[in-house]
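Data from upload_31.cif: mmCIF, C-alpha atoms
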```cif
data_data
loop_
_atom_site.label_atom_id
_atom_site.label_comp_id
_atom_site.auth_asym_id
_atom_site.auth_seq_id
_atom_site.Cartn_x
_atom_site.Cartn_y
_atom_site.Cartn_z
CA GLU A 24 133.78 137.96 163.04
CA ALA A 25 137.02 136.02 163.29
CA GLY A 26 140.24 137.93 162.81
CA VAL A 27 143.36 136.80 161.01
CA VAL A 28 144.32 133.35 162.23
CA GLN A 29 147.90 132.12 162.31
CA SER A 30 149.40 128.83 163.38
CA PRO A 31 151.46 127.74 165.08
CA ARG A 32 151.94 130.55 167.59
CA TYR A 33 155.40 129.35 168.54
CA LYS A 34 157.93 127.14 166.78
CA ILE A 35 161.38 126.04 167.87
CA ILE A 36 163.57 124.21 165.37
CA GLU A 37 167.21 123.46 164.79
CA LYS A 38 169.06 125.18 161.98
CA LYS A 39 168.87 123.54 158.58
CA GLN A 40 165.41 122.15 159.36
CA PRO A 41 162.34 123.19 157.33
CA VAL A 42 159.45 125.10 158.86
CA ALA A 43 156.05 126.27 157.63
CA PHE A 44 153.62 128.89 158.85
CA TRP A 45 149.93 129.04 158.04
CA CYS A 46 147.62 132.03 157.78
CA ASN A 47 143.88 132.31 157.27
CA PRO A 48 142.84 135.89 156.49
CA ILE A 49 139.59 137.61 157.33
CA SER A 50 136.80 136.31 155.14
CA GLY A 51 136.38 138.40 152.01
CA HIS A 52 139.80 140.01 152.19
CA ASN A 53 141.51 139.76 148.82
CA THR A 54 144.94 141.01 149.86
CA LEU A 55 147.24 139.04 152.11
CA TYR A 56 150.63 140.10 153.47
CA TRP A 57 153.48 138.26 155.16
CA TYR A 58 155.82 140.31 157.34
CA ARG A 59 158.91 139.46 159.37
CA GLN A 60 159.48 141.31 162.61
CA ASN A 61 162.92 141.07 164.16
CA LEU A 62 163.36 141.78 167.84
CA GLY A 63 163.13 145.51 168.52
CA GLN A 64 162.25 146.34 164.94
CA GLY A 65 159.18 147.16 162.93
CA PRO A 66 157.62 144.59 160.59
CA GLU A 67 159.21 144.23 157.15
CA LEU A 68 157.12 143.12 154.21
CA LEU A 69 158.15 139.79 152.69
CA ILE A 70 155.39 139.20 150.18
CA ARG A 71 151.98 140.55 149.23
CA TYR A 72 149.22 138.64 147.47
CA GLU A 73 146.27 139.98 145.54
CA ASN A 74 143.97 136.96 145.50
CA GLU A 75 146.27 134.09 144.46
CA GLU A 76 148.82 136.28 142.66
CA ALA A 77 152.00 137.44 144.36
CA VAL A 78 152.13 141.12 143.38
CA ASP A 79 155.18 142.07 145.45
CA ASP A 80 157.77 139.52 146.53
CA SER A 81 160.83 141.70 146.09
CA GLN A 82 161.87 141.35 149.76
CA LEU A 83 161.38 137.58 149.95
CA PRO A 84 164.73 135.71 150.15
CA LYS A 85 163.93 133.31 147.36
CA ASP A 86 166.81 130.96 147.95
CA ARG A 87 165.20 129.59 151.10
CA PHE A 88 161.77 131.18 151.45
CA SER A 89 158.66 130.30 149.51
CA ALA A 90 155.00 131.15 149.84
CA GLU A 91 151.76 130.12 148.27
CA ARG A 92 148.13 131.12 148.29
CA LEU A 93 146.68 128.54 145.93
CA LYS A 94 142.97 129.30 146.13
CA GLY A 95 143.28 132.94 147.04
CA VAL A 96 142.25 132.35 150.64
CA ASP A 97 144.67 130.88 153.16
CA SER A 98 148.41 131.01 152.70
CA THR A 99 151.54 129.15 153.73
CA LEU A 100 155.03 130.59 154.18
CA LYS A 101 157.90 128.11 154.19
CA ILE A 102 161.56 128.32 155.07
CA GLN A 103 163.91 125.55 153.95
CA PRO A 104 166.48 125.29 155.34
CA ALA A 105 166.17 127.60 158.32
CA GLU A 106 169.16 129.62 159.50
CA LEU A 107 169.90 131.17 162.89
CA GLY A 108 169.14 134.62 161.49
CA ASP A 109 165.60 133.58 160.63
CA SER A 110 164.58 133.76 164.28
CA ALA A 111 161.83 136.37 164.33
CA VAL A 112 158.08 136.83 164.54
CA TYR A 113 156.29 136.16 161.27
CA LEU A 114 153.14 138.21 160.92
CA CYS A 115 150.30 137.74 158.50
CA ALA A 116 147.90 140.55 157.65
CA SER A 117 144.95 140.97 155.33
CA SER A 118 142.98 143.81 153.81
CA LEU A 119 139.94 144.16 151.58
CA SER A 120 142.05 145.20 148.61
CA VAL A 121 145.52 146.41 147.73
CA SER A 122 144.40 150.03 148.05
CA SER A 123 146.82 152.01 150.16
CA THR A 124 143.95 153.37 152.25
CA ASP A 125 142.54 149.98 153.21
CA THR A 126 143.30 148.96 156.77
CA GLN A 127 145.57 145.98 157.25
CA TYR A 128 144.41 143.59 159.96
CA PHE A 129 147.16 141.59 161.62
CA GLY A 130 147.22 138.14 163.12
CA PRO A 131 149.03 137.40 166.40
CA GLY A 132 152.11 136.11 164.60
CA THR A 133 154.28 133.01 164.78
CA ARG A 134 157.39 133.34 166.91
CA LEU A 135 160.17 131.28 165.33
CA THR A 136 163.29 130.34 167.25
CA VAL A 137 166.10 128.67 165.33
CA LEU A 138 168.69 126.92 167.49
CA ALA B 17 161.52 155.75 148.43
CA GLN B 18 159.32 156.09 151.46
CA SER B 19 160.57 155.85 155.04
CA VAL B 20 159.60 156.85 158.55
CA THR B 21 161.74 157.72 161.54
CA GLN B 22 160.48 157.34 165.07
CA LEU B 23 162.46 159.45 167.51
CA GLY B 24 162.88 157.75 170.86
CA SER B 25 162.76 153.98 171.07
CA HIS B 26 161.51 154.22 174.66
CA VAL B 27 159.17 156.80 176.19
CA SER B 28 158.02 156.87 179.81
CA VAL B 29 155.15 159.00 181.08
CA SER B 30 153.26 159.19 184.33
CA GLU B 31 149.66 158.07 184.45
CA GLY B 32 147.49 161.05 183.52
CA ALA B 33 150.29 162.87 181.70
CA LEU B 34 150.42 163.82 178.04
CA VAL B 35 151.62 161.15 175.63
CA LEU B 36 153.68 162.35 172.65
CA LEU B 37 155.23 159.85 170.26
CA ARG B 38 157.18 161.30 167.35
CA CYS B 39 157.17 160.22 163.72
CA ASN B 40 158.79 161.93 160.75
CA TYR B 41 158.43 160.74 157.20
CA SER B 42 160.64 161.02 154.17
CA SER B 43 158.86 161.36 150.88
CA SER B 44 158.86 163.70 147.93
CA VAL B 45 155.07 163.45 147.77
CA PRO B 46 152.89 163.56 150.91
CA PRO B 47 152.13 159.92 151.57
CA TYR B 48 149.50 158.12 153.58
CA LEU B 49 150.49 157.66 157.22
CA PHE B 50 149.41 155.23 159.89
CA TRP B 51 149.90 154.54 163.59
CA TYR B 52 149.63 150.98 164.88
CA VAL B 53 149.80 149.66 168.44
CA GLN B 54 151.15 146.26 169.44
CA TYR B 55 150.41 144.78 172.83
CA PRO B 56 152.67 141.98 174.13
CA ASN B 57 152.25 138.72 172.20
CA GLN B 58 149.58 140.23 169.98
CA GLY B 59 149.39 141.43 166.41
CA LEU B 60 149.35 145.06 165.37
CA GLN B 61 146.14 147.05 165.63
CA LEU B 62 145.42 150.22 163.68
CA LEU B 63 145.06 153.32 165.86
CA LEU B 64 144.49 155.87 163.11
CA LYS B 65 145.42 156.79 159.57
CA TYR B 66 145.92 159.90 157.47
CA THR B 67 144.73 159.64 153.87
CA SER B 68 144.89 163.27 152.72
CA ALA B 69 141.59 164.38 154.19
CA ALA B 70 141.65 166.28 157.51
CA THR B 71 145.14 166.90 158.84
CA LEU B 72 144.06 166.22 162.43
CA VAL B 73 143.11 162.59 162.67
CA LYS B 74 141.31 161.07 165.62
CA GLY B 75 141.73 157.41 166.40
CA ILE B 76 140.71 154.81 168.92
CA ASN B 77 141.42 154.88 172.65
CA GLY B 78 141.64 158.70 172.73
CA PHE B 79 144.67 158.99 170.46
CA GLU B 80 145.04 161.54 167.71
CA ALA B 81 147.75 162.64 165.29
CA GLU B 82 148.34 165.72 163.19
CA PHE B 83 149.81 165.67 159.71
CA LYS B 84 152.20 168.61 159.26
CA LYS B 85 153.56 168.81 155.75
CA SER B 86 155.96 171.67 156.55
CA GLU B 87 157.59 169.56 159.26
CA THR B 88 157.12 166.19 157.50
CA SER B 89 155.74 164.94 160.78
CA PHE B 90 152.84 162.81 162.01
CA HIS B 91 153.20 162.78 165.79
CA LEU B 92 150.84 160.75 167.96
CA THR B 93 149.33 162.30 171.09
CA LYS B 94 146.95 161.49 173.89
CA PRO B 95 146.03 164.05 176.55
CA SER B 96 146.05 161.68 179.51
CA ALA B 97 147.92 158.38 179.66
CA HIS B 98 146.30 155.25 181.09
CA MET B 99 148.12 152.19 182.36
CA SER B 100 146.49 150.24 179.55
CA ASP B 101 148.32 152.39 176.98
CA ALA B 102 151.62 150.65 177.75
CA ALA B 103 152.58 148.98 174.48
CA GLU B 104 154.76 149.27 171.38
CA TYR B 105 153.70 151.91 168.86
CA PHE B 106 154.62 151.86 165.19
CA CYS B 107 154.36 154.61 162.63
CA ALA B 108 153.99 153.45 159.02
CA VAL B 109 153.96 155.07 155.60
CA SER B 110 152.44 154.09 152.30
CA ASP B 111 152.78 155.61 148.86
CA LEU B 112 149.56 156.72 147.23
CA ALA B 113 149.39 153.69 144.96
CA GLY B 114 149.84 151.23 147.79
CA ASN B 115 152.94 149.74 146.23
CA GLN B 116 155.18 150.47 149.18
CA PHE B 117 154.40 150.11 152.88
CA TYR B 118 157.09 150.68 155.51
CA PHE B 119 157.03 150.59 159.30
CA GLY B 120 159.22 152.57 161.64
CA THR B 121 161.33 150.86 164.26
CA GLY B 122 158.75 151.43 166.98
CA THR B 123 158.48 153.28 170.29
CA SER B 124 157.91 151.41 173.52
CA LEU B 125 155.60 153.36 175.82
CA THR B 126 155.80 152.81 179.58
CA VAL B 127 153.17 154.33 181.84
CA ILE B 128 154.28 154.92 185.42
CA PRO B 129 151.59 154.73 188.12
#
```
Represent the structure contained in this file as structure tokens.
Amino acid sequence: EAGVVQSPRYKIIEKKQPVAFWCNPISGHNTLYWYRQNLGQGPELLIRYENEEAVDDSQLPKDRFSAERLKGVDSTLKIQPAELGDSAVYLCASSLSVSSTDTQYFGPGTRLTVL
Amino acid sequence: AQSVTQLGSHVSVSEGALVLLRCNYSSSVPPYLFWYVQYPNQGLQLLLKYTSAATLVKGINGFEAEFKKSETSFHLTKPSAHMSDAAEYFCAVSDLAGNQFYFGTGTSLTVIP
């Protein structure tokens, strides 16, 4: 069974440019998470989806970040425009449901470098 | 609000020695607790989780952790370290409803041959 797929794995852009990350969760997983992991830190939740509905986006910087999960399957996270401080690894995870006991399965992440 | 504190950002052990990675949580109600491992350039993988059943939880790769309410701790241990255990380890906490999920800052484990 395929795990969580993310692309691209690496992205280098100049500041003020837009960037998008794609995530395909494990088949059958209703809940999808986007995290940001800064160097030397633990992941921080940006947004959580239950099917196509964003149920927690309180930590998403809405002035420049947006996300969508139109059909309740794959998801895209966008930054426009990117700033130097956005350099980080962006992780996608999925779980069967939003239950706190369900295991979250993580993708390999997208490492973003903003120059 | 939930939070976890991982004491020691870097831990070094000799191969074959005991591994002890510390995690303390802050919560007014005993939460659910998790340990994840992250190998270089890979995503996080669940090692084990505590969900209010047995306080001693056994996970993959020989790791285990014990939930101690009196100490608000959930330390991760392994009796004998292998070279392959070198990685970043994260403790995480969730409230019972699943509305909040927070990771600690991580502990980098080095295994010395």
| query | Quick one: residues within 7 Å of Leu119 in chain A, all atoms listed in the file counted, chain neighbours fewer than 4 positions away excluded, as a list in words? | reply |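 Result of the neighbour search: Gly51, His52, Asn53, Thr54 and Asp125 of chain A.
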Restricting it to C-alpha atoms, dump the selection as a compact mmCIF listing (two decimals), in the coordinates of the input.
```txt
# COMPACT_ATOMS: atom_id res chain seq x y z
CA GLY A 51 136.38 138.40 152.01
CA HIS A 52 139.80 140.01 152.19
CA ASN A 53 141.51 139.76 148.82
CA THR A 54 144.94 141.01 149.86
CA ASP A 125 142.54 149.98 153.21
```
For the file shown, what are the residues hit by the PyMOL selection byres ((chain B and resi 92-104) around 8), laid out as a tab-separated table (two decimals) with C-alpha atoms, in the frame of the given file?
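Result went into expr32.tsv, see below:
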```tsv
chain	number	residue	atom	x	y	z
B	29	VAL	CA	155.15	159.00	181.08
B	30	SER	CA	153.26	159.19	184.33
B	31	GLU	CA	149.66	158.07	184.45
B	32	GLY	CA	147.49	161.05	183.52
B	33	ALA	CA	150.29	162.87	181.70
B	34	LEU	CA	150.42	163.82	178.04
B	35	VAL	CA	151.62	161.15	175.63
B	36	LEU	CA	153.68	162.35	172.65
B	37	LEU	CA	155.23	159.85	170.26
B	38	ARG	CA	157.18	161.30	167.35
B	39	CYS	CA	157.17	160.22	163.72
B	51	TRP	CA	149.90	154.54	163.59
B	53	VAL	CA	149.80	149.66	168.44
B	54	GLN	CA	151.15	146.26	169.44
B	55	TYR	CA	150.41	144.78	172.83
B	56	PRO	CA	152.67	141.98	174.13
B	78	GLY	CA	141.64	158.70	172.73
B	79	PHE	CA	144.67	158.99	170.46
B	80	GLU	CA	145.04	161.54	167.71
B	81	ALA	CA	147.75	162.64	165.29
B	82	GLU	CA	148.34	165.72	163.19
B	90	PHE	CA	152.84	162.81	162.01
B	91	HIS	CA	153.20	162.78	165.79
B	105	TYR	CA	153.70	151.91	168.86
B	106	PHE	CA	154.62	151.86	165.19
B	122	GLY	CA	158.75	151.43	166.98
B	123	THR	CA	158.48	153.28	170.29
B	124	SER	CA	157.91	151.41	173.52
B	125	LEU	CA	155.60	153.36	175.82
B	126	THR	CA	155.80	152.81	179.58
B	127	VAL	CA	153.17	154.33	181.84
B	128	ILE	CA	154.28	154.92	185.42
B	129	PRO	CA	151.59	154.73	188.12
```
| Could you list, as a PyMOL selection string, every residue of chain B that has an atom within 6 Å of an atom of chain A, counting only C-alpha atoms? | chain B and resi 58-60+114+119-122
Up to 9 Å from (152.4, 122.4, 160.5) in the file's coordinates: name the residues, counting only C-alpha atoms, as a CSV table (one decimal) with C-alpha atoms, in the coordinates of the input.
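The resulting point_37.csv:
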```
chain,number,residue,atom,x,y,z
A,30,SER,CA,149.4,128.8,163.4
A,31,PRO,CA,151.5,127.7,165.1
A,42,VAL,CA,159.4,125.1,158.9
A,43,ALA,CA,156.0,126.3,157.6
A,44,PHE,CA,153.6,128.9,158.8
A,45,TRP,CA,149.9,129.0,158.0
```
| Which protein, DNA or RNA residues are at most 12 Å from (159.7, 125.7, 163.8) in the file's coordinates when you count only C-alpha atoms, listed as a PyMOL selection string? | chain A and resi 30-45+100-107+109-113+133-138
Using the partial input, fill out range 68-92 of chain A with N, CA, C and O atoms; write the result as a PDB file, in the frame of the given file.
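Wrote out-v6.pdb, looks like this:
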```pdb
ATOM      1  N   LEU A  68     157.926 143.888 155.147  1.00  0.00           N
ATOM      2  CA  LEU A  68     157.120 143.120 154.210  1.00  0.00           C
ATOM      3  C   LEU A  68     157.968 142.096 153.472  1.00  0.00           C
ATOM      4  O   LEU A  68     159.014 142.421 152.918  1.00  0.00           O
ATOM      5  N   LEU A  69     157.494 140.861 153.454  1.00  0.00           N
ATOM      6  CA  LEU A  69     158.150 139.790 152.690  1.00  0.00           C
ATOM      7  C   LEU A  69     157.469 139.576 151.354  1.00  0.00           C
ATOM      8  O   LEU A  69     158.127 139.480 150.320  1.00  0.00           O
ATOM      9  N   ILE A  70     156.142 139.483 151.397  1.00  0.00           N
ATOM     10  CA  ILE A  70     155.390 139.200 150.180  1.00  0.00           C
ATOM     11  C   ILE A  70     153.964 139.684 150.361  1.00  0.00           C
ATOM     12  O   ILE A  70     153.434 139.683 151.471  1.00  0.00           O
ATOM     13  N   ARG A  71     153.370 140.103 149.242  1.00  0.00           N
ATOM     14  CA  ARG A  71     151.980 140.550 149.230  1.00  0.00           C
ATOM     15  C   ARG A  71     151.244 139.837 148.111  1.00  0.00           C
ATOM     16  O   ARG A  71     151.745 139.746 146.984  1.00  0.00           O
ATOM     17  N   TYR A  72     150.060 139.330 148.447  1.00  0.00           N
ATOM     18  CA  TYR A  72     149.220 138.640 147.470  1.00  0.00           C
ATOM     19  C   TYR A  72     147.965 139.457 147.193  1.00  0.00           C
ATOM     20  O   TYR A  72     147.354 140.016 148.105  1.00  0.00           O
ATOM     21  N   GLU A  73     147.576 139.498 145.944  1.00  0.00           N
ATOM     22  CA  GLU A  73     146.270 139.980 145.540  1.00  0.00           C
ATOM     23  C   GLU A  73     145.540 138.764 144.992  1.00  0.00           C
ATOM     24  O   GLU A  73     145.885 138.259 143.920  1.00  0.00           O
ATOM     25  N   ASN A  74     144.586 138.277 145.765  1.00  0.00           N
ATOM     26  CA  ASN A  74     143.970 136.960 145.500  1.00  0.00           C
ATOM     27  C   ASN A  74     145.085 135.895 145.497  1.00  0.00           C
ATOM     28  O   ASN A  74     145.826 135.824 146.456  1.00  0.00           O
ATOM     29  N   GLU A  75     145.247 135.124 144.433  1.00  0.00           N
ATOM     30  CA  GLU A  75     146.270 134.090 144.460  1.00  0.00           C
ATOM     31  C   GLU A  75     147.590 134.543 143.829  1.00  0.00           C
ATOM     32  O   GLU A  75     148.561 133.787 143.795  1.00  0.00           O
ATOM     33  N   GLU A  76     147.635 135.781 143.349  1.00  0.00           N
ATOM     34  CA  GLU A  76     148.820 136.280 142.660  1.00  0.00           C
ATOM     35  C   GLU A  76     149.728 137.058 143.608  1.00  0.00           C
ATOM     36  O   GLU A  76     149.286 137.972 144.306  1.00  0.00           O
ATOM     37  N   ALA A  77     151.007 136.697 143.593  1.00  0.00           N
ATOM     38  CA  ALA A  77     152.000 137.440 144.360  1.00  0.00           C
ATOM     39  C   ALA A  77     152.346 138.720 143.597  1.00  0.00           C
ATOM     40  O   ALA A  77     152.971 138.668 142.548  1.00  0.00           O
ATOM     41  N   VAL A  78     151.924 139.865 144.104  1.00  0.00           N
ATOM     42  CA  VAL A  78     152.130 141.120 143.380  1.00  0.00           C
ATOM     43  C   VAL A  78     153.372 141.854 143.838  1.00  0.00           C
ATOM     44  O   VAL A  78     153.811 142.798 143.190  1.00  0.00           O
ATOM     45  N   ASP A  79     153.943 141.456 144.959  1.00  0.00           N
ATOM     46  CA  ASP A  79     155.180 142.070 145.450  1.00  0.00           C
ATOM     47  C   ASP A  79     155.912 141.050 146.304  1.00  0.00           C
ATOM     48  O   ASP A  79     155.517 140.796 147.435  1.00  0.00           O
ATOM     49  N   ASP A  80     156.960 140.454 145.754  1.00  0.00           N
ATOM     50  CA  ASP A  80     157.770 139.520 146.530  1.00  0.00           C
ATOM     51  C   ASP A  80     159.237 139.926 146.480  1.00  0.00           C
ATOM     52  O   ASP A  80     160.139 139.097 146.636  1.00  0.00           O
ATOM     53  N   SER A  81     159.473 141.215 146.276  1.00  0.00           N
ATOM     54  CA  SER A  81     160.830 141.700 146.090  1.00  0.00           C
ATOM     55  C   SER A  81     161.708 141.531 147.332  1.00  0.00           C
ATOM     56  O   SER A  81     162.927 141.472 147.228  1.00  0.00           O
ATOM     57  N   GLN A  82     161.099 141.467 148.522  1.00  0.00           N
ATOM     58  CA  GLN A  82     161.870 141.350 149.760  1.00  0.00           C
ATOM     59  C   GLN A  82     161.909 139.907 150.275  1.00  0.00           C
ATOM     60  O   GLN A  82     162.434 139.673 151.358  1.00  0.00           O
ATOM     61  N   LEU A  83     161.376 138.982 149.519  1.00  0.00           N
ATOM     62  CA  LEU A  83     161.380 137.580 149.950  1.00  0.00           C
ATOM     63  C   LEU A  83     162.700 136.924 149.536  1.00  0.00           C
ATOM     64  O   LEU A  83     163.031 136.894 148.345  1.00  0.00           O
ATOM     65  N   PRO A  84     163.460 136.398 150.493  1.00  0.00           N
ATOM     66  CA  PRO A  84     164.730 135.710 150.150  1.00  0.00           C
ATOM     67  C   PRO A  84     164.414 134.395 149.442  1.00  0.00           C
ATOM     68  O   PRO A  84     164.143 133.384 150.070  1.00  0.00           O
ATOM     69  N   LYS A  85     164.475 134.414 148.141  1.00  0.00           N
ATOM     70  CA  LYS A  85     163.930 133.310 147.360  1.00  0.00           C
ATOM     71  C   LYS A  85     164.783 132.047 147.387  1.00  0.00           C
ATOM     72  O   LYS A  85     164.328 130.987 146.943  1.00  0.00           O
ATOM     73  N   ASP A  86     165.999 132.169 147.903  1.00  0.00           N
ATOM     74  CA  ASP A  86     166.810 130.960 147.950  1.00  0.00           C
ATOM     75  C   ASP A  86     166.312 129.968 148.995  1.00  0.00           C
ATOM     76  O   ASP A  86     166.491 128.750 148.851  1.00  0.00           O
ATOM     77  N   ARG A  87     165.646 130.486 150.029  1.00  0.00           N
ATOM     78  CA  ARG A  87     165.200 129.590 151.100  1.00  0.00           C
ATOM     79  C   ARG A  87     163.746 129.791 151.498  1.00  0.00           C
ATOM     80  O   ARG A  87     163.178 128.939 152.179  1.00  0.00           O
ATOM     81  N   PHE A  88     163.148 130.881 151.090  1.00  0.00           N
ATOM     82  CA  PHE A  88     161.770 131.180 151.450  1.00  0.00           C
ATOM     83  C   PHE A  88     160.858 130.937 150.248  1.00  0.00           C
ATOM     84  O   PHE A  88     161.226 131.242 149.104  1.00  0.00           O
ATOM     85  N   SER A  89     159.681 130.419 150.536  1.00  0.00           N
ATOM     86  CA  SER A  89     158.660 130.300 149.510  1.00  0.00           C
ATOM     87  C   SER A  89     157.299 130.518 150.147  1.00  0.00           C
ATOM     88  O   SER A  89     157.134 130.357 151.369  1.00  0.00           O
ATOM     89  N   ALA A  90     156.352 130.921 149.342  1.00  0.00           N
ATOM     90  CA  ALA A  90     155.000 131.150 149.840  1.00  0.00           C
ATOM     91  C   ALA A  90     154.010 130.761 148.769  1.00  0.00           C
ATOM     92  O   ALA A  90     154.335 130.739 147.576  1.00  0.00           O
ATOM     93  N   GLU A  91     152.820 130.425 149.222  1.00  0.00           N
ATOM     94  CA  GLU A  91     151.760 130.120 148.270  1.00  0.00           C
ATOM     95  C   GLU A  91     150.410 130.506 148.836  1.00  0.00           C
ATOM     96  O   GLU A  91     150.206 130.543 150.060  1.00  0.00           O
ATOM     97  N   ARG A  92     149.508 130.802 147.927  1.00  0.00           N
ATOM     98  CA  ARG A  92     148.130 131.120 148.290  1.00  0.00           C
ATOM     99  C   ARG A  92     147.270 130.557 147.148  1.00  0.00           C
ATOM    100  O   ARG A  92     146.756 131.281 146.313  1.00  0.00           O
TER     101      ARG A  92
END
```
